[in-house]
Every structure is written in structure tokens, then in C-alpha cells.
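J.: Coordinates in protein-v9.cif, mmCIF, C-alpha atoms, are listed below.
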```cif
data_data
#
loop_
_atom_site.label_atom_id
_atom_site.label_comp_id
_atom_site.auth_asym_id
_atom_site.auth_seq_id
_atom_site.Cartn_x
_atom_site.Cartn_y
_atom_site.Cartn_z
CA MET A 228 99.93 66.18 82.85
CA LYS A 229 96.21 66.32 83.57
CA LYS A 230 94.57 69.67 82.94
CA VAL A 231 93.03 71.19 86.08
CA SER A 232 89.24 71.40 85.94
CA MET A 233 86.59 73.31 87.88
CA GLN A 234 85.68 70.05 89.59
CA ASP A 235 89.27 69.67 90.81
CA ILE A 236 89.10 73.12 92.39
CA ALA A 237 85.71 72.36 93.92
CA THR A 238 87.02 69.10 95.40
CA GLU A 239 90.04 70.84 96.92
CA LEU A 240 87.85 73.46 98.57
CA GLY A 241 84.99 71.14 99.53
CA ILE A 242 82.40 73.10 97.55
CA SER A 243 80.25 72.42 94.50
CA LYS A 244 81.38 72.75 90.91
CA MET A 245 78.46 75.13 90.40
CA THR A 246 79.92 77.52 93.01
CA VAL A 247 83.26 77.51 91.19
CA SER A 248 81.50 78.15 87.89
CA LYS A 249 79.59 81.09 89.38
CA CYS A 250 82.85 82.59 90.56
CA PHE A 251 84.32 82.64 87.06
CA LYS A 252 81.09 84.07 85.68
CA ASN A 253 81.35 86.84 88.31
CA SER A 254 77.97 85.92 89.80
CA GLU A 255 76.65 87.93 92.74
CA ASP A 256 75.22 84.75 94.27
CA ILE A 257 78.44 83.96 96.12
CA SER A 258 80.33 86.02 98.69
CA GLU A 259 83.50 87.98 98.00
CA ASP A 260 85.43 85.77 100.45
CA THR A 261 84.36 82.64 98.57
CA LYS A 262 85.36 84.21 95.26
CA GLN A 263 88.79 85.10 96.53
CA ALA A 264 89.30 81.61 97.98
CA ILE A 265 88.38 80.05 94.61
CA LEU A 266 90.59 82.42 92.61
CA LYS A 267 93.51 81.81 94.95
CA LYS A 268 93.13 78.04 94.74
CA ALA A 269 92.72 78.22 90.94
CA GLU A 270 95.98 80.12 90.67
CA GLU A 271 97.78 77.68 92.98
CA MET A 272 96.58 74.71 90.93
CA GLY A 273 97.42 76.34 87.58
CA TYR A 274 93.84 76.48 86.36
CA GLU A 275 93.43 78.34 83.07
CA TYR A 276 90.24 80.29 82.57
CA LYS A 277 89.79 82.60 79.63
CA ARG A 278 88.14 85.77 80.80
CA ARG A 279 87.41 88.95 78.97
CA ILE A 280 89.88 91.71 79.81
CA LYS A 281 88.61 95.11 78.72
CA TYR A 282 91.27 97.29 80.31
CA ARG A 283 94.95 96.79 81.07
CA ILE A 284 96.39 99.00 83.79
CA ALA A 285 100.09 99.56 84.46
CA VAL A 286 100.71 100.06 88.18
CA LEU A 287 103.95 101.93 88.88
CA PHE A 288 105.55 101.41 92.29
CA SER A 289 108.59 103.42 93.38
CA GLU A 290 111.78 101.83 94.68
CA VAL A 291 111.59 104.43 97.46
CA TYR A 292 108.86 102.36 99.14
CA PHE A 293 110.14 98.93 98.17
CA GLU A 294 111.31 97.35 101.41
CA PRO A 295 111.33 93.64 102.30
CA ASN A 296 108.84 94.24 105.11
CA GLU A 297 106.68 96.88 103.40
CA LYS A 298 103.05 96.03 104.13
CA PHE A 299 100.86 98.98 103.20
CA TYR A 300 101.41 99.26 99.45
CA ASN A 301 101.78 95.51 98.98
CA GLY A 302 98.40 95.17 100.64
CA LEU A 303 96.93 97.94 98.52
CA TYR A 304 98.13 96.30 95.32
CA LYS A 305 96.65 93.00 96.46
CA ARG A 306 93.31 94.78 96.94
CA LEU A 307 93.57 96.08 93.37
CA GLN A 308 94.17 92.56 92.11
CA GLU A 309 91.05 91.40 93.95
CA GLN A 310 89.07 93.81 91.76
CA GLU A 311 90.34 92.34 88.49
CA TRP A 312 87.60 89.78 87.95
CA ASN A 313 84.73 92.10 88.78
CA SER A 314 86.05 94.97 86.67
CA SER A 315 87.37 93.08 83.61
CA MET A 316 90.75 94.68 84.29
CA LYS A 317 94.29 93.38 84.38
CA PHE A 318 96.79 95.12 86.68
CA SER A 319 100.51 94.75 85.95
CA LEU A 320 103.13 95.96 88.43
CA PHE A 321 106.22 97.90 87.28
CA TYR A 322 108.95 98.94 89.71
CA VAL A 323 110.48 102.38 89.14
CA SER A 324 114.03 102.91 90.39
CA ARG A 325 115.15 106.15 91.96
CA GLU A 326 117.35 106.77 88.91
CA ASP A 327 114.49 106.18 86.46
CA GLU A 328 112.29 108.57 88.38
CA LYS A 329 115.03 111.18 88.58
CA ASN A 330 115.87 110.89 84.86
CA ASN A 331 112.30 110.56 83.56
CA VAL A 332 112.57 106.99 82.31
CA LEU A 333 109.53 104.81 81.61
CA GLN A 334 109.92 101.03 81.52
CA ALA A 335 109.22 99.09 78.35
CA GLY A 336 105.69 97.77 78.28
CA VAL A 337 104.06 100.51 80.32
CA LYS A 338 102.76 102.46 77.33
CA GLU A 339 101.10 99.32 75.90
CA ASN A 340 98.44 99.59 78.65
CA ASP A 341 95.19 101.55 78.64
CA ALA A 342 96.03 103.62 81.71
CA ILE A 343 98.75 104.17 84.32
CA MET A 344 98.21 104.06 88.08
CA LEU A 345 100.87 105.47 90.39
CA LEU A 346 100.93 103.48 93.63
CA GLY A 347 102.38 105.78 96.27
CA GLN A 348 103.82 109.24 95.78
CA PHE A 349 106.16 110.08 92.91
CA SER A 350 107.79 113.45 92.29
CA LYS A 351 105.65 116.11 90.65
CA LYS A 352 108.13 116.25 87.79
CA TYR A 353 107.77 112.50 87.14
CA VAL A 354 103.97 112.61 87.26
CA LEU A 355 103.98 115.36 84.62
CA TYR A 356 106.38 113.28 82.53
CA ILE A 357 104.09 110.24 82.76
CA GLN A 358 101.13 112.38 81.72
CA SER A 359 103.03 113.61 78.65
CA HIS A 360 102.60 110.17 77.07
CA GLY A 361 98.87 110.78 76.68
CA LEU A 362 97.54 107.88 78.76
CA PRO A 363 95.11 108.47 81.64
CA VAL A 364 97.07 108.73 84.92
CA PHE A 365 95.70 107.90 88.38
CA CYS A 366 97.34 108.75 91.71
CA LEU A 367 96.72 106.27 94.51
CA ASP A 368 97.48 107.54 98.04
CA PHE A 369 98.68 110.98 96.96
CA HIS A 370 97.56 114.12 95.15
CA TYR A 371 99.27 117.25 93.82
CA ARG A 372 97.63 120.63 93.54
CA GLY A 373 97.90 121.86 89.98
CA ILE A 374 98.14 118.41 88.37
CA GLU A 375 95.04 117.34 86.49
CA ALA A 376 94.77 113.69 87.51
CA ASP A 377 92.21 111.50 89.24
CA SER A 378 93.31 110.41 92.70
CA VAL A 379 92.28 108.49 95.79
CA VAL A 380 93.72 109.47 99.17
CA SER A 381 93.03 108.64 102.81
CA ASP A 382 92.17 111.46 105.21
CA SER A 383 95.50 111.37 107.03
CA PHE A 384 95.13 114.87 108.45
CA GLN A 385 91.82 114.25 110.23
CA ALA A 386 92.84 110.78 111.37
CA SER A 387 96.07 112.01 112.94
CA TYR A 388 94.20 114.88 114.56
CA ASN A 389 91.71 112.42 116.07
CA LEU A 390 94.48 110.08 117.24
CA THR A 391 96.50 112.86 118.90
CA SER A 392 93.36 114.32 120.47
CA TYR A 393 92.63 110.90 121.96
CA MET A 394 96.10 110.87 123.55
CA ILE A 395 95.47 114.32 124.99
CA GLU A 396 92.14 113.14 126.39
CA ARG A 397 94.03 110.32 128.13
CA GLY A 398 96.10 113.00 129.88
CA HIS A 399 99.20 113.30 127.71
CA ARG A 400 100.71 116.78 127.25
CA LYS A 401 104.21 116.02 126.01
CA ILE A 402 103.62 114.13 122.77
CA ALA A 403 106.27 113.50 120.11
CA PHE A 404 105.73 112.99 116.37
CA VAL A 405 107.92 110.39 114.67
CA GLY A 406 108.38 110.74 110.92
CA ASN A 407 110.39 112.66 108.31
CA LEU A 408 108.62 115.75 107.03
CA ASN A 409 108.43 116.04 103.23
CA TYR A 410 108.99 112.31 102.86
CA THR A 411 105.46 112.08 101.43
CA ASN A 412 102.41 114.31 101.42
CA SER A 413 100.61 111.86 103.70
CA VAL A 414 103.35 112.08 106.36
CA ASN A 415 103.06 115.88 106.21
CA ASP A 416 99.28 115.61 106.63
CA ARG A 417 99.72 113.33 109.63
CA TYR A 418 102.13 115.79 111.19
CA LEU A 419 99.77 118.72 110.57
CA GLY A 420 96.84 116.81 112.10
CA TYR A 421 99.00 116.08 115.14
CA TYR A 422 100.04 119.74 115.37
CA LYS A 423 96.45 120.97 115.09
CA ALA A 424 95.46 118.82 118.07
CA LEU A 425 98.27 120.37 120.14
CA LEU A 426 97.33 123.91 119.09
CA GLU A 427 93.69 123.46 120.04
CA GLU A 428 94.68 122.39 123.55
CA GLY A 429 97.25 125.17 123.96
CA ILE A 430 100.12 122.69 124.12
CA GLU A 431 103.41 124.18 122.99
CA MET A 432 105.31 121.79 120.77
CA ASP A 433 108.88 121.12 121.81
CA PRO A 434 111.14 121.00 118.69
CA CYS A 435 112.88 118.02 120.28
CA CYS A 436 109.61 116.13 120.01
CA ARG A 437 109.79 115.98 116.20
CA ILE A 438 111.81 112.85 115.51
CA ASP A 439 112.99 111.53 112.12
CA ASP A 440 112.60 107.81 111.44
CA ARG A 441 114.52 107.58 108.12
CA ASP A 442 117.93 108.44 106.76
CA GLY A 443 118.58 110.56 103.66
CA HIS A 444 117.78 107.61 101.38
CA GLY A 445 114.40 106.94 102.99
CA ILE A 446 115.60 103.86 104.88
CA LEU A 447 114.23 103.28 108.38
CA GLU A 448 116.87 103.78 111.07
CA SER A 449 117.16 103.79 114.85
CA PHE A 450 115.61 106.76 116.61
CA ARG A 451 117.41 109.61 118.33
CA LEU A 452 115.22 109.94 121.38
CA PRO A 453 115.02 113.31 123.18
CA GLU A 454 116.83 113.66 126.47
CA GLU A 455 113.58 114.55 128.22
CA MET A 456 111.35 111.64 127.32
CA PRO A 457 107.82 112.43 126.03
CA THR A 458 104.94 110.56 127.62
CA ALA A 459 103.58 109.56 124.19
CA PHE A 460 104.64 109.11 120.56
CA VAL A 461 102.52 109.49 117.42
CA CYS A 462 104.26 107.54 114.64
CA ASN A 463 103.64 108.10 110.94
CA ASN A 464 103.20 104.37 110.29
CA ASP A 465 102.95 101.03 112.08
CA HIS A 466 106.40 99.75 111.08
CA THR A 467 107.98 102.82 112.69
CA ALA A 468 105.84 102.34 115.81
CA TYR A 469 106.83 98.66 115.98
CA LEU A 470 110.55 99.47 115.72
CA LEU A 471 110.22 102.30 118.24
CA ILE A 472 108.62 100.00 120.81
CA ARG A 473 111.45 97.51 120.35
CA GLN A 474 114.04 100.23 120.86
CA LEU A 475 112.28 101.58 123.92
CA LYS A 476 112.21 98.10 125.44
CA LYS A 477 115.95 97.70 124.87
CA GLU A 478 116.46 100.91 126.81
CA GLY A 479 114.29 99.66 129.68
CA ILE A 480 111.28 101.84 128.85
CA ARG A 481 107.95 100.04 129.09
CA VAL A 482 104.96 100.53 126.75
CA PRO A 483 102.39 101.65 127.81
CA GLU A 484 103.39 101.75 131.50
CA ASP A 485 106.11 104.40 130.97
CA VAL A 486 105.21 105.85 127.55
CA SER A 487 102.40 105.38 125.03
CA VAL A 488 102.88 104.72 121.30
CA ALA A 489 100.45 105.00 118.37
CA GLY A 490 100.90 104.00 114.73
CA PHE A 491 99.17 104.50 111.41
CA ASP A 492 97.86 102.22 108.60
CA ASP A 493 96.70 99.17 110.62
CA VAL A 494 99.02 96.68 108.96
CA LEU A 495 100.47 93.47 110.42
CA TYR A 496 103.04 95.24 112.62
CA SER A 497 100.28 96.73 114.77
CA GLU A 498 99.00 93.25 115.62
CA ILE A 499 102.26 91.34 116.14
CA SER A 500 103.76 94.04 118.34
CA GLU A 501 103.93 93.47 122.08
CA PRO A 502 101.86 95.25 123.15
CA PRO A 503 99.54 95.49 120.11
CA ILE A 504 99.58 99.03 118.73
CA THR A 505 96.72 101.52 118.73
CA THR A 506 96.64 102.68 115.13
CA VAL A 507 94.64 104.31 112.35
CA HIS A 508 92.82 101.89 110.09
CA VAL A 509 93.16 102.89 106.42
CA GLN A 510 90.48 101.29 104.23
CA ARG A 511 92.73 99.81 101.56
CA ARG A 512 90.01 97.64 100.03
CA PHE A 513 87.69 100.64 99.69
CA MET A 514 90.56 102.74 98.28
CA ALA A 515 91.15 100.07 95.64
CA GLU A 516 87.44 99.88 94.81
CA GLN A 517 87.24 103.64 94.38
CA ALA A 518 90.39 103.65 92.24
CA VAL A 519 88.83 101.07 89.92
CA LEU A 520 85.66 103.17 89.63
CA LEU A 521 87.75 106.21 88.75
CA VAL A 522 89.56 104.22 86.04
CA LYS A 523 86.27 103.10 84.52
CA ARG A 524 84.88 106.62 84.64
CA ARG A 525 87.95 108.10 82.98
CA LEU A 526 88.13 105.49 80.21
CA LEU A 527 84.43 105.85 79.45
CA GLN A 528 84.43 109.63 79.82
CA PRO A 529 87.88 110.90 78.73
CA ASP A 530 86.84 114.55 79.05
CA ALA A 531 85.38 114.31 82.57
CA ARG A 532 86.83 116.69 85.16
CA PRO A 533 89.52 115.10 87.37
CA ARG A 534 88.23 113.89 90.70
CA THR A 535 89.94 113.37 94.06
CA ILE A 536 88.24 110.94 96.43
CA THR A 537 89.15 111.21 100.12
CA ILE A 538 88.59 108.10 102.23
CA ASP A 539 87.74 108.38 105.94
CA CYS A 540 89.85 106.50 108.48
CA SER A 541 89.06 105.08 111.91
CA ILE A 542 91.08 104.33 115.04
CA ARG A 543 91.82 100.78 116.17
CA TYR A 544 92.19 100.96 119.95
CA ARG A 545 94.72 98.49 121.33
CA GLU A 546 97.02 98.16 124.34
CA SER A 547 99.88 100.53 123.44
CA ILE A 548 98.22 103.65 124.91
CA ALA A 549 97.55 104.37 128.57
CA GLY A 550 97.40 107.49 130.71
CA PRO A 551 100.73 109.15 131.49
CA LYS A 552 102.75 107.58 134.28
CA GLY A 553 101.84 108.99 137.68
#
```
Render the structure in this file as C-alpha cells.
T.:
Amino acid sequence: MKKVSMQDIATELGISKMTVSKCFKNSEDISEDTKQAILKKAEEMGYEYKRRIKYRIAVLFSEVYFEPNEKFYNGLYKRLQEQEWNSSMKFSLFYVSREDEKNNVLQAGVKENDAIMLLGQFSKKYVLYIQSHGLPVFCLDFHYRGIEADSVVSDSFQASYNLTSYMIERGHRKIAFVGNLNYTNSVNDRYLGYYKALLEEGIEMDPCCRIDDRDGHGILESFRLPEEMPTAFVCNNDHTAYLLIRQLKKEGIRVPEDVSVAGFDDVLYSEISEPPITTVHVQRRFMAEQAVLLVKRRLLQPDARPRTITIDCSIRYRESIAGPKG
């Protein structure tokens, strides 16, 4: 079987061999999009290129978030992989079962890496157990007070506050929050941002307007809607918002004509929904870039003080929000 060459990749993509060569030399003369297209095609064609790997990072991902249609963390891990060539790093994904997390079990091969990155929230007990092995530990998308670890988080509190405030500006006064409290720190922050917006406007929150979206095992389920329907829903993520809209439609409730719905994360569900969902855009690429910088800093300066980087979010305005009916 013929060995794949740089020229083969160039021919497939309709570009010059020199451009392909610059990609593998990590040249700044070509765009990031071009680099990613070349790397993707090289992988598809089985091209072998020996590159220098300085750091190997084990990325731990909890079974709690592993769903067939999970988009946020899969996308975040993909963004990490996009940083491999520029950072001389190699990221390897390890799935952690609920039982392993509960019983403080670490998979074989994890400790052979230079650092450990936790993708999504793990229990405080498990984070402390991971740290006991002596490797640098990084928390991506969560942070615990009292745990000395570098972390990158999105500003869920402020983003949810801004999103709920926007709904209030559109005239909504009876707004529900959809999401299980204490499922993750970020869901709690989104709820607190929502609640702050209500408090500032003197809107009393109806306990019936706090709706769970998951069962006791963290699996998404159908929603128990309040008897007196809110005029708007703030959902803790886009998948929940997507499923809620589908359920509302089945019950003859139109979005946004009858009620408005907002999501969070700006993943594929917000775009394929009918109508498309107004949501909070979380900068996953920037989160990954900052995580890589934290890894480099920690490995080069082992005694540096732990740092938490908070990433701003923005709202993507789409068709799922309108003024309240009537």
C-alpha cells in the first residue's frame, strides 16, 4: 500500500504542497481554518507525521455527562485537540464511570501523563483524590472553593442574568427556570443569575416556576409543566430548551407566539430547533486556548499560585423569544 505523502494531501485539498508543509511546521503564515482542514484530511488519509510532543495530558470525562447527543463537552474536547499541534501537547480522553468516581478509582494509563484535566464537574472528593497522585490537575468548566487547582470557567451567572433581564425587557413577568439545582455548579450559577434578574425587577418567583429537567440519575426526562403556564422559560442548556419546545408543541403551545424559550451553550440544538433558540454563546475555543496556557504555565512554573480564568459569554438572539401574548 502506497504511503500517503504531503503532495497527496495537497492534491486532495487543491492547495500547494508548501502550504501542507507549513501546517506541519506550525507556521503562522497560514490560517487556523486551513490548518484544521489539512490536519483533518491528513488523519482521514492515514498520513503519518512525526511531531515533537512535549506534554501528554489525560482528559477525564465523567459518565454523568456522557450522552449520545451531548454536544457541549464533545465540542470542548474537540477544541482542545485543535490546540495539540500549536502547543506540542497530546490529549488523551479517559471516561470515568459513576462507580469509579464514587469509589476513587483511576484508570490505568492516566498517571503516565504529565498532567490531568477534568472535563466537566467531578465531585470534590474525587478531585482531591486525583490531586493526591501528585500530578498537576486542571478543572475545565468548574471550580471549587478551597481546592488549589487551576481552572477555566464561563461566566454563567452574569450570562443568565443578562438573558433573563432581556426577557423582562421584552415584557415577561412570569418566567420559569428549567434545570436541576446542584446538578453542577454552572447550573446553580445560571439559576442564581436568573433569580437576581427577577429580584432587581421586584418579580416574586413562583416555586412552581422552578422545573427539573433530569431524573435522579441525571438523565433528561419529560417536563412537569406548571398548571398556570409561564410566559417564558430560561433553560439551563440548549438540549433541554430543544426538548421543551418539542413537548410544548405536542401540547399545542406555540413558541414564541404563546410562550418564549431561551437556552444556554449555543450548540447545534439551538440552530436545528424550530424556531431557532435564543441562547448564550459560550466561547469553547477560547476556553480551550486558556486551558492550554494554564497547563503550560503550571508545567513550567510548578510553584505558581493557582489561577481561575472566567470567560465572558454573549447572547445569540434568535426567533424563540417574543413579547408575552396579548
J.: Specify as a PyMOL selection string each residue included when the PyMOL selection byres ((chain A and resi 479-490) around 9) is applied to this file.
T.: chain A and resi 390-391+394+399+456-469+471-472+474-478+491-493+497+501-502+504-507+546-552
J.: Let me see the file: selected residues, C-alpha atoms, as an mmCIF file, in the frame of the given file.
T.:
```cif
data_model
loop_
_atom_site.group_PDB
_atom_site.id
_atom_site.type_symbol
_atom_site.label_atom_id
_atom_site.label_comp_id
_atom_site.auth_asym_id
_atom_site.auth_seq_id
_atom_site.Cartn_x
_atom_site.Cartn_y
_atom_site.Cartn_z
ATOM 1 C CA LEU A 390 94.480 110.080 117.240
ATOM 2 C CA THR A 391 96.500 112.860 118.900
ATOM 3 C CA MET A 394 96.100 110.870 123.550
ATOM 4 C CA HIS A 399 99.200 113.300 127.710
ATOM 5 C CA MET A 456 111.350 111.640 127.320
ATOM 6 C CA PRO A 457 107.820 112.430 126.030
ATOM 7 C CA THR A 458 104.940 110.560 127.620
ATOM 8 C CA ALA A 459 103.580 109.560 124.190
ATOM 9 C CA PHE A 460 104.640 109.110 120.560
ATOM 10 C CA VAL A 461 102.520 109.490 117.420
ATOM 11 C CA CYS A 462 104.260 107.540 114.640
ATOM 12 C CA ASN A 463 103.640 108.100 110.940
ATOM 13 C CA ASN A 464 103.200 104.370 110.290
ATOM 14 C CA ASP A 465 102.950 101.030 112.080
ATOM 15 C CA HIS A 466 106.400 99.750 111.080
ATOM 16 C CA THR A 467 107.980 102.820 112.690
ATOM 17 C CA ALA A 468 105.840 102.340 115.810
ATOM 18 C CA TYR A 469 106.830 98.660 115.980
ATOM 19 C CA LEU A 471 110.220 102.300 118.240
ATOM 20 C CA ILE A 472 108.620 100.000 120.810
ATOM 21 C CA GLN A 474 114.040 100.230 120.860
ATOM 22 C CA LEU A 475 112.280 101.580 123.920
ATOM 23 C CA LYS A 476 112.210 98.100 125.440
ATOM 24 C CA LYS A 477 115.950 97.700 124.870
ATOM 25 C CA GLU A 478 116.460 100.910 126.810
ATOM 26 C CA PHE A 491 99.170 104.500 111.410
ATOM 27 C CA ASP A 492 97.860 102.220 108.600
ATOM 28 C CA ASP A 493 96.700 99.170 110.620
ATOM 29 C CA SER A 497 100.280 96.730 114.770
ATOM 30 C CA GLU A 501 103.930 93.470 122.080
ATOM 31 C CA PRO A 502 101.860 95.250 123.150
ATOM 32 C CA ILE A 504 99.580 99.030 118.730
ATOM 33 C CA THR A 505 96.720 101.520 118.730
ATOM 34 C CA THR A 506 96.640 102.680 115.130
ATOM 35 C CA VAL A 507 94.640 104.310 112.350
ATOM 36 C CA GLU A 546 97.020 98.160 124.340
ATOM 37 C CA SER A 547 99.880 100.530 123.440
ATOM 38 C CA ILE A 548 98.220 103.650 124.910
ATOM 39 C CA ALA A 549 97.550 104.370 128.570
ATOM 40 C CA GLY A 550 97.400 107.490 130.710
ATOM 41 C CA PRO A 551 100.730 109.150 131.490
ATOM 42 C CA LYS A 552 102.750 107.580 134.280
#
```
J.: Determine the nearest neighbour of Phe513 (chain A) from the options A:Gln234, A:Ser289, A:Gln310, A:Ser383, counting all atoms listed in the file.
T.: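 Closest to Phe513 (chain A), using all atoms listed in the file: A:Gln310.
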J.: With all atoms listed in the file as the counted atoms, please give the residues lying no more than 7 Å from region 235-251 of chain A, apart from itself and same-chain residues fewer than 5 positions off, as number ranges by chain.
T.: A: 262, 265, 268-269
J.: For those residues, write C-alpha atoms to a file as a compact mmCIF listing (two decimals), in the coordinates of the input.
T.:
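Output below, filename part33.txt:
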```txt
# COMPACT_ATOMS: atom_id res chain seq x y z
CA LYS A 262 85.36 84.21 95.26
CA ILE A 265 88.38 80.05 94.61
CA LYS A 268 93.13 78.04 94.74
CA ALA A 269 92.72 78.22 90.94
```
J.: As a PyMOL selection string, please: the residues near Asn313 (chain A) (cut-off 12 Å, all atoms listed in the file, same-chain neighbours under 6 positions excluded).
T.: chain A and resi 250-255+259+262-263+266+278-282+307+516+519-520+523
J.: Please, could you write that set of residues out with C-alpha atoms as a PDB file, keeping the file's coordinate frame?
T.:
```pdb
ATOM      1  CA  CYS A 250      82.850  82.590  90.560  1.00  0.00           C
ATOM      2  CA  PHE A 251      84.320  82.640  87.060  1.00  0.00           C
ATOM      3  CA  LYS A 252      81.090  84.070  85.680  1.00  0.00           C
ATOM      4  CA  ASN A 253      81.350  86.840  88.310  1.00  0.00           C
ATOM      5  CA  SER A 254      77.970  85.920  89.800  1.00  0.00           C
ATOM      6  CA  GLU A 255      76.650  87.930  92.740  1.00  0.00           C
ATOM      7  CA  GLU A 259      83.500  87.980  98.000  1.00  0.00           C
ATOM      8  CA  LYS A 262      85.360  84.210  95.260  1.00  0.00           C
ATOM      9  CA  GLN A 263      88.790  85.100  96.530  1.00  0.00           C
ATOM     10  CA  LEU A 266      90.590  82.420  92.610  1.00  0.00           C
ATOM     11  CA  ARG A 278      88.140  85.770  80.800  1.00  0.00           C
ATOM     12  CA  ARG A 279      87.410  88.950  78.970  1.00  0.00           C
ATOM     13  CA  ILE A 280      89.880  91.710  79.810  1.00  0.00           C
ATOM     14  CA  LYS A 281      88.610  95.110  78.720  1.00  0.00           C
ATOM     15  CA  TYR A 282      91.270  97.290  80.310  1.00  0.00           C
ATOM     16  CA  LEU A 307      93.570  96.080  93.370  1.00  0.00           C
ATOM     17  CA  GLU A 516      87.440  99.880  94.810  1.00  0.00           C
ATOM     18  CA  VAL A 519      88.830 101.070  89.920  1.00  0.00           C
ATOM     19  CA  LEU A 520      85.660 103.170  89.630  1.00  0.00           C
ATOM     20  CA  LYS A 523      86.270 103.100  84.520  1.00  0.00           C
TER      21      LYS A 523
END
```
J.: Using the chain letters and numbers from the file, give me the residues hit by the PyMOL selection byres ((chain A and resi 452) around 10), as JSON, numbers by chain.
T.: {"A": [403, 405, 435, 436, 437, 438, 439, 449, 450, 451, 453, 454, 455, 456, 457, 471, 474, 475]}
J.: Ranking A:Leu521, A:Ile402, A:Leu320, A:Ala285 by minimum distance to Leu362 (chain A) and counting only C-alpha atoms, which one comes first?
T.: A:Ala285
J.: Please list as JSON, numbers by chain every residue within 10 Å of Glu431 (chain A), counting only C-alpha atoms and excluding residues in the same chain fewer than 6 positions away.
T.: {"A": [400, 401, 422, 425]}
J.: Measure the distance from CA of His360 (chain A) to CA of Asp341 (chain A) in Å and round it to one decimal.
T.: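 The value is 11.5 Å.
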